[in-house]
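Following: one structure in C-alpha cells, then a few remarks.
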Amino acid sequence: MKVGILEILTDSVSQSWIEREYDSRFRRQYASITPQAVWVWCQQLGHEAHYATYYGQSPPETLLPDDLDAVFLATYTQASALAYALARLYRGRGTLTILGGPHATSFPTDSLRFFDFVVHDCDKALVGSLLRGDFEPGSVVSSGRLLEDIPTVEERMPALRTACFTGTSSPIRNVSLLTSLGCPYRCDFCVDWKNDYVMMPQDRLLADLRYVSEHLPGTLIGFHDPNFGVRFDEMLDLMDEIPAGRRNPYAMESSLSNLRGARLQRLRDTNCIYAAPGVESWGDYSNKAGVGRSVGEKKLEDVVAHFEELHEHVPGLQANFIFGTDGDQGEEPVEMTREFIRRTPFVWPTLNIPVPFGGTPLYDRLLAEGRILEETPFAFYYMPYIAIRPRHYDPLTYYDLLIRLYRTVVSARLLLRRVASARTPGLRGLHVLRTLGMRSSLAELVAIRSRIARDSELRDFLEGRSRRLPAFYREQLAARLGRYGELLTEDDLRPRLERPGGAMPIVAASPPKLVALAGRR
C-alpha cells in the first residue's frame, strides 16, 4: 500500500511573521517519536511509506502524495479542527484515514466522526493489522499495552532529517528520545495518570546514545518523556558510558523533586543544557516540586532557591505553571508567580490553564460538576481560551489576571535581564522569539477580554447562562483555518464529549491482544 504519515504541529494556516519564524526554527523540533515509528513499521511491513510534519510551512495536504491508500494523522487537541478538515479531504479521495496522538487518546468519540480508525496505544502489530483490514471501520483500536519496542534512532534517521534538519537555519537541531513511558504521579489533569511508570530497555537507550554521539556530534538530544529523573541515577549511568568529550547536549523534563543534591553536578557532567521542571501551582501538586506539604509563600521561597541552585549547573531552565486550579483564589497565586518570574530571569515561565482533557480525573470531575463549557469546540482547549468555568474566578477577572501575568513575562526590562543571563546564542535567540510570541498571545488575551466585556452572548456562554455557541468561536476558527474551515459544517464544530461508562472493550478476533474499544458506527 501507499501510506502517508503526517504529524500536525500547529493549528493555524494563517500566521504572523513571528509565528512563522518561531515555527520554522523551533516548533518543528517538537516532532514526536511515534509518527516516525509508524513510518519505520510501514516500511518494514513492505509498504511504500511517506512521512512529513506540518508546522505552517505550506498547505498541509501537499506535504504527502495525492494518491495515498491510507494516511495516519497525529495531532493534539488544539489542532483537531485542522486534522478533521484534512481527514474529510482525504476521505473524499478514497483514502483510509487513521488518527493517533494526544487528541485521539482524549476524545475518540468525537474523532470517529471524521476518521475510519482512532488509535490509542500503538505498535507494529497494530499498524499491520489496520493496513490488512482486520478491523471494522468506525473503531477505536489499541494494542492494549504501552509501547516499549521503539525503532532506533538509526532506523528513524530519514524521518528525523525530514522533521528537524532539512531546510532549517535554526541554531537548535533535535534528536528525540524516550527514557520512559507512563508516570509515577497521579496528577488529575494528566492523561498518563493511570499508566504505571516503565523505563525503556537500557540496552536500546545506550545504543541510541552511542549512535547519536558517533553520527550526530553536537546535536541536541530532546528527551520527550516528562519523567526523565524518576530513575535518575540509572539513566545518567547510561550517559556516563559515553566518553565525556563526546556527550551530546540534551534537554529534558523532570519533577523538581528529582533534581537536587549531587544529581545537579551529574547533570552538568553529562551535558544537560536545558531542564523543564514543573512547579504547577502554588496551592496544589507540591509533591512534584519537592517542597513536601509547603504551599504559598513558603513554597515560593523554596522553589526560587531550588532554581537558583539548579541554574549553577544547567544553563537553560523552564518552569511550568498552571493558573486557575480549584486551589487558586484571589490575586495571591498570580502575584507569587510574578514574584518568581522577577526573581529568576534565567528561567523561562510556561503559563498554562486547566484544560479538561478526556480520560483524566479532572475531566470526569468537572463534567460531573457541570463546569465544562460543553459546546466549546475542541480546537479551543488551550490558552488563551477557557473551556471550563473556574471555581473562584469570573471570566473578566480571570482574563485580567492572565493579562497581568503575561505583561510581567514580556516586559522589556525582563527581556534584557533574560538575554543577559543566557549563556549561549541559541538560548538568547529562543528567549527573544518566545518573548515576541508571548506578546502576540498577550494581544490575543487583551482582545478576548475586550470582547467578553462588550459581547453579552460570549459572556453568558462563559459564565454558564447559555449553551449556545457564540459567533466569536466561528470567527476565530475561520481566521485560523482559512479555506480548510469550509470543509467543516456547523454540526462538525459541536463536540461529542466522552461520557462515563462508555463503550465496553471488544476483543478482536485477529490478531490477538489487540482490542477494539468501539464498534461499527
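Naming scheme: A, B, ... for chains in displayed order of the C-alpha cells; residues 1 onward per chain; ligands 1 onward as shown.
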
As a ChimeraX atom specification, which residues of range 105-331 of chain A does DSSP assign to strand (DSSP E or B)?
-> /A:117-119,139-142,174-177,180-181,198-199,220-223,250-255,272-280,316-322

Keeping only C-alpha atoms, write the selected residues to a file as a PDB file, in the first residue's frame.
ATOM      1  CA  PHE A 117      -9.997   4.453  12.835  1.00  0.00           C
ATOM      2  CA  VAL A 118      -8.828   6.102  16.041  1.00  0.00           C
ATOM      3  CA  VAL A 119      -5.759   4.621  17.743  1.00  0.00           C
ATOM      4  CA  SER A 139     -13.457   1.535  15.579  1.00  0.00           C
ATOM      5  CA  VAL A 140     -11.200   2.822  18.319  1.00  0.00           C
ATOM      6  CA  VAL A 141      -8.323   0.347  18.396  1.00  0.00           C
ATOM      7  CA  SER A 142      -5.431  -0.268  20.750  1.00  0.00           C
ATOM      8  CA  ASN A 174      16.999  17.987  17.843  1.00  0.00           C
ATOM      9  CA  VAL A 175      17.064  14.191  18.007  1.00  0.00           C
ATOM     10  CA  SER A 176      14.122  12.874  20.021  1.00  0.00           C
ATOM     11  CA  LEU A 177      14.460  10.017  22.522  1.00  0.00           C
ATOM     12  CA  SER A 180      10.309   6.041  29.907  1.00  0.00           C
ATOM     13  CA  LEU A 181       6.568   5.666  29.466  1.00  0.00           C
ATOM     14  CA  VAL A 198       8.114   1.943  32.854  1.00  0.00           C
ATOM     15  CA  MET A 199      11.725   2.698  31.904  1.00  0.00           C
ATOM     16  CA  LEU A 220      20.786  18.282  20.821  1.00  0.00           C
ATOM     17  CA  ILE A 221      19.006  15.248  22.270  1.00  0.00           C
ATOM     18  CA  GLY A 222      15.460  16.046  23.351  1.00  0.00           C
ATOM     19  CA  PHE A 223      14.009  13.576  25.837  1.00  0.00           C
ATOM     20  CA  TYR A 250      20.454  17.296  25.957  1.00  0.00           C
ATOM     21  CA  ALA A 251      17.176  18.784  27.172  1.00  0.00           C
ATOM     22  CA  MET A 252      14.735  17.061  29.474  1.00  0.00           C
ATOM     23  CA  GLU A 253      11.669  17.410  31.679  1.00  0.00           C
ATOM     24  CA  SER A 254      11.563  16.245  35.270  1.00  0.00           C
ATOM     25  CA  SER A 255       9.818  16.878  38.518  1.00  0.00           C
ATOM     26  CA  CYS A 272      22.388  18.783  30.222  1.00  0.00           C
ATOM     27  CA  ILE A 273      21.804  22.244  28.759  1.00  0.00           C
ATOM     28  CA  TYR A 274      18.049  22.611  29.314  1.00  0.00           C
ATOM     29  CA  ALA A 275      15.704  21.370  32.047  1.00  0.00           C
ATOM     30  CA  ALA A 276      11.969  21.990  32.336  1.00  0.00           C
ATOM     31  CA  PRO A 277      10.702  21.121  35.826  1.00  0.00           C
ATOM     32  CA  GLY A 278       7.049  21.508  36.759  1.00  0.00           C
ATOM     33  CA  VAL A 279       6.104  23.893  39.567  1.00  0.00           C
ATOM     34  CA  GLU A 280       2.428  23.683  38.549  1.00  0.00           C
ATOM     35  CA  GLY A 316      18.693  26.732  30.237  1.00  0.00           C
ATOM     36  CA  LEU A 317      15.713  26.415  32.558  1.00  0.00           C
ATOM     37  CA  GLN A 318      11.954  26.428  32.178  1.00  0.00           C
ATOM     38  CA  ALA A 319       9.277  26.392  34.883  1.00  0.00           C
ATOM     39  CA  ASN A 320       5.794  25.117  34.090  1.00  0.00           C
ATOM     40  CA  PHE A 321       2.844  26.762  35.852  1.00  0.00           C
ATOM     41  CA  ILE A 322      -0.925  26.238  35.916  1.00  0.00           C
TER      42      ILE A 322
END

Please, which residues in range 181-225 of chain A fall within 12 Å of range 362-372 of chain A when counting only C-alpha atoms, and what is the closest atom pair and distance in Å to one decimal for each, ordered by chain then residue number, as JSON lines?
{"residue": "A:Arg186", "atom": "CA", "partner": "A:Leu362", "partner_atom": "CA", "distance": 11.0}
{"residue": "A:Cys187", "atom": "CA", "partner": "A:Leu362", "partner_atom": "CA", "distance": 8.7}
{"residue": "A:Asp188", "atom": "CA", "partner": "A:Leu362", "partner_atom": "CA", "distance": 5.0}
{"residue": "A:Phe189", "atom": "CA", "partner": "A:Leu362", "partner_atom": "CA", "distance": 5.2}
{"residue": "A:Cys190", "atom": "CA", "partner": "A:Leu362", "partner_atom": "CA", "distance": 8.3}
{"residue": "A:Val191", "atom": "CA", "partner": "A:Leu362", "partner_atom": "CA", "distance": 9.7}
{"residue": "A:Trp193", "atom": "CA", "partner": "A:Leu362", "partner_atom": "CA", "distance": 10.4}

From the set A:Val3, A:Val230, A:Ile388, A:Leu216, which residue has the shortest atom-to-atom contact distance to Leu130 in chain A, counting only C-alpha atoms?
->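 Smallest separation from Leu130 in chain A among the options: A:Val3.
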
Who sits within 7 Å of Trp39 in chain A, only C-alpha atoms, same chain under 6 positions skipped, as a VMD selection string = chain A and resid 5 49 51

Counting only C-alpha atoms, which of A:Val153, A:Leu146, A:Leu6, A:Leu160 gets nearest to Asp208 in chain A?
->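 Smallest distance to Asp208 in chain A is found for A:Val153.
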
Given the choices A:Leu396, A:Ile98, A:Trp348, A:Leu264, which gets closest to Glu312 in chain A if the distance is worked out from only C-alpha atoms?
-> A:Leu264

Counting only C-alpha atoms, the residue of A:Arg468, A:Glu309, A:Ala70, A:Leu373 that sits nearest Gly261 in chain A |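 Of all the options, A:Glu309 lies closest to Gly261 in chain A.
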
For range 473-481 of chain A, please output as a PyMOL selection string all residues within 10 Å (counting only C-alpha atoms; exclusion window: fewer than 2 positions along the same chain).
-> chain A and resi 11-15+79+81-82+85+376-377+379-380+385+458+469-471+483-487+490+493

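Of the listed residues A:Val303, A:Ile403, A:Met200, A:Leu427, the one whose atoms come nearest to Pro315 in chain A is A:Leu427, with distances taken using only C-alpha atoms.
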
Neighbour list for Thr34 in chain A as a list of chain:residue names, cut-off 10 Å, only C-alpha atoms, skip fewer than 6 positions in-chain =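 Contacts, with the query itself left out: A:Glu7, A:Val40, A:Ala74, A:Gly100, A:Gly101, A:Cys122, A:Asp123, A:Leu147, A:Ile150, A:Pro151.
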
Selection to disk with N, CA, C and O atoms, as a tab-separated table (two decimals), in the first residue's frame:
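Output file again00.tsv follows:
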chain	number	residue	atom	x	y	z
A	7	GLU	N	2.28	14.43	10.87
A	7	GLU	CA	2.08	14.97	12.21
A	7	GLU	C	1.80	16.46	12.10
A	7	GLU	O	2.54	17.20	11.45
A	40	VAL	N	8.58	3.88	10.09
A	40	VAL	CA	9.52	2.75	10.05
A	40	VAL	C	8.76	1.44	9.93
A	40	VAL	O	9.09	0.58	9.10
A	74	ALA	N	-1.43	12.47	13.11
A	74	ALA	CA	-1.19	12.58	14.54
A	74	ALA	C	-1.32	14.04	14.93
A	74	ALA	O	-0.76	14.92	14.26
A	100	GLY	N	-4.04	9.18	15.33
A	100	GLY	CA	-3.36	8.86	16.57
A	100	GLY	C	-2.90	10.13	17.26
A	100	GLY	O	-3.14	11.24	16.77
A	101	GLY	N	-2.24	10.00	18.40
A	101	GLY	CA	-1.75	11.16	19.12
A	101	GLY	C	-2.61	11.53	20.29
A	101	GLY	O	-3.60	10.85	20.62
A	122	CYS	N	-0.24	2.11	20.38
A	122	CYS	CA	0.06	1.62	19.04
A	122	CYS	C	1.37	0.86	19.03
A	122	CYS	O	2.28	1.17	19.81
A	123	ASP	N	1.48	-0.15	18.19
A	123	ASP	CA	2.74	-0.82	17.94
A	123	ASP	C	2.74	-1.36	16.51
A	123	ASP	O	1.79	-1.17	15.76
A	147	LEU	N	3.79	1.10	24.54
A	147	LEU	CA	4.81	0.78	23.55
A	147	LEU	C	6.19	0.78	24.20
A	147	LEU	O	6.60	1.75	24.83
A	150	ILE	N	10.54	0.64	20.48
A	150	ILE	CA	10.53	1.78	19.56
A	150	ILE	C	11.70	1.64	18.59
A	150	ILE	O	12.80	1.26	18.99
A	151	PRO	N	11.51	1.93	17.32
A	151	PRO	CA	12.62	1.89	16.38
A	151	PRO	C	13.80	2.74	16.85
A	151	PRO	O	13.62	3.78	17.52

Hey, what does DSSP flag as helix (DSSP H, G or I) within range 103-351 of chain A? Can you give it to me as a ChimeraX atom specification?
-> /A:103-106,108-111,124-132,153-165,202-215,232-239,244-246,256-258,263-269,286-289,296-311,332-343

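Restricting the calculation to only C-alpha atoms, the smallest distance between Arg91 in chain A and any of A:Arg428, A:Ala387, A:Asp269, A:Asp69 is found for A:Asp69.
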
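Coordinates place CA of Ser411 in chain A at a distance of 29.4 Å from CA of Asp455 in chain A.
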
Residues within 8 Å of range 496-498 of chain A, only C-alpha atoms, excluding chain neighbours under 4 positions, as a list of chain:residue names =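 The neighbour list is A:Phe107, A:Pro108, A:Thr109, A:Asp110, A:Gly358, A:Glu374, A:Gly502.
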
Quick one: residues within 12 Å of range 349-351 of chain A, only C-alpha atoms counted, chain neighbours fewer than 4 positions away excluded, as number ranges by chain?
-> A: 276-281, 307, 316-324, 334, 337-345, 382-384, 401-406, 408-410, 414, 418, 431, 434-435, 438, 441-442
